[in-house]
Amino acid sequence: MTGKSPETLSVIVEREISYPPEKIWRALTQPHLIAEWLMQNDFKPEPGHQFNMSGDWGAVDCQVLEVEPNKVLAYTWAAFGLESVVTWTLTPTSGGTHLRMEQSGFAPGQQQFYQGAKASWPQFFDKMEQVLAGHV
Amino acid sequence: MPQSSDVLFKTLADPTRRAIFERLCRDGDQTVSALTAKAGVSQPAVSKHLRVLKEAGLVLDRHAGRQTHYSAQLKALTPLADWTHQMAGFWEGRLDGLENLLKRMDQ
């Protein structure tokens, strides 16, 4: 469920859901539906669209990266000073849909999203893990 | 989601400050002047970064004669190490909500 490699912060949550991808897609992309299970938002399914999500604990700044209807939805997720990317993948199955959510930090393939200082996060977490492993 | 992570992420988001903290983690206790020699910024700037790190609980200062020695407080990092665990819990909870919503939605 966590950590693919030491330099990447990654969270993966997967579910088998007994509804077709089209229905889940609506829940993932229509603002009033997103608000019911995730947070209040001004989402639009358009690459480049910047939006916010807000909950009782704070706000998240997001930007749409990828929209492939009923298949893939990806957006940046910046909260608490850490940027990450949330990617939803919907795969049809005989009984409905395999839904996969991955939230990841700075994987090598995503460097184009993270210029400058932000790119130093993976080294930092890498070092931090070494530090924690050795000293705590 | 924990507020302690918020403070830590903000404190360590600055590359110069993060470098100072990493140096303390790697090399052990340091004085301000020793840190300044490697930081690439002025001593007042280093002192300011150390103050912010101290407020976040990431460093401790210890006075010895005329010198102040700073040391990294590694336990303060625990909330960051727990990030993936916390986010996994967050998303599991949200997906429960998503499944409930799907049950209530029209086809």
# chains A, B, ... in the order shown; residues from 1 in each chain; ligands from 1
call {"tool": "interface_residues", "arguments": {"of": "chain B", "to": "chain A", "cutoff": "6 Å", "atoms": "only C-alpha atoms", "output": "JSON, numbers by chain"}}
result
{"B": [6, 9, 10, 84, 88, 94, 97, 98]}
call {"tool": "write_last_selection", "arguments": {"atoms": "C-alpha atoms", "output": "mmCIF file, in the first residue's frame"}}
result
data_model
loop_
_atom_site.group_PDB
_atom_site.id
_atom_site.type_symbol
_atom_site.label_atom_id
_atom_site.label_comp_id
_atom_site.auth_asym_id
_atom_site.auth_seq_id
_atom_site.Cartn_x
_atom_site.Cartn_y
_atom_site.Cartn_z
ATOM 1 C CA ASP B 6 1.934 21.124 8.015
ATOM 2 C CA PHE B 9 6.603 20.609 5.491
ATOM 3 C CA LYS B 10 6.530 24.414 5.519
ATOM 4 C CA THR B 84 2.240 7.635 3.410
ATOM 5 C CA ALA B 88 -3.444 5.806 2.888
ATOM 6 C CA ARG B 94 -12.721 8.728 1.187
ATOM 7 C CA GLY B 97 -17.553 7.549 1.042
ATOM 8 C CA LEU B 98 -17.287 7.130 -2.721
#
call {"tool": "closest_residue", "arguments": {"among": "A:Met53, A:Leu65, A:Ala35, A:Val60", "to": "Glu83 in chain A", "atoms": "only C-alpha atoms"}}
result
A:Val60
call {"tool": "residues_around", "arguments": {"residues": "range 18-22 of chain B", "least_positions_apart": "3", "cutoff": "9 Å", "atoms": "only C-alpha atoms", "output": "ChimeraX atom specification"}}
result
/A:124,127-128 /B:11-15,25-27,35-36,38-39,46,49-50,53,58-59,71-72
call {"tool": "atom_distance", "arguments": {"atom1": "CA of Val86 in chain A", "atom2": "CA of Ala74 in chain A"}}
result
5.6 Å
call {"tool": "atom_distance", "arguments": {"atom1": "CA of Leu73 in chain A", "atom2": "CA of His32 in chain A"}}
result
17.0 Å
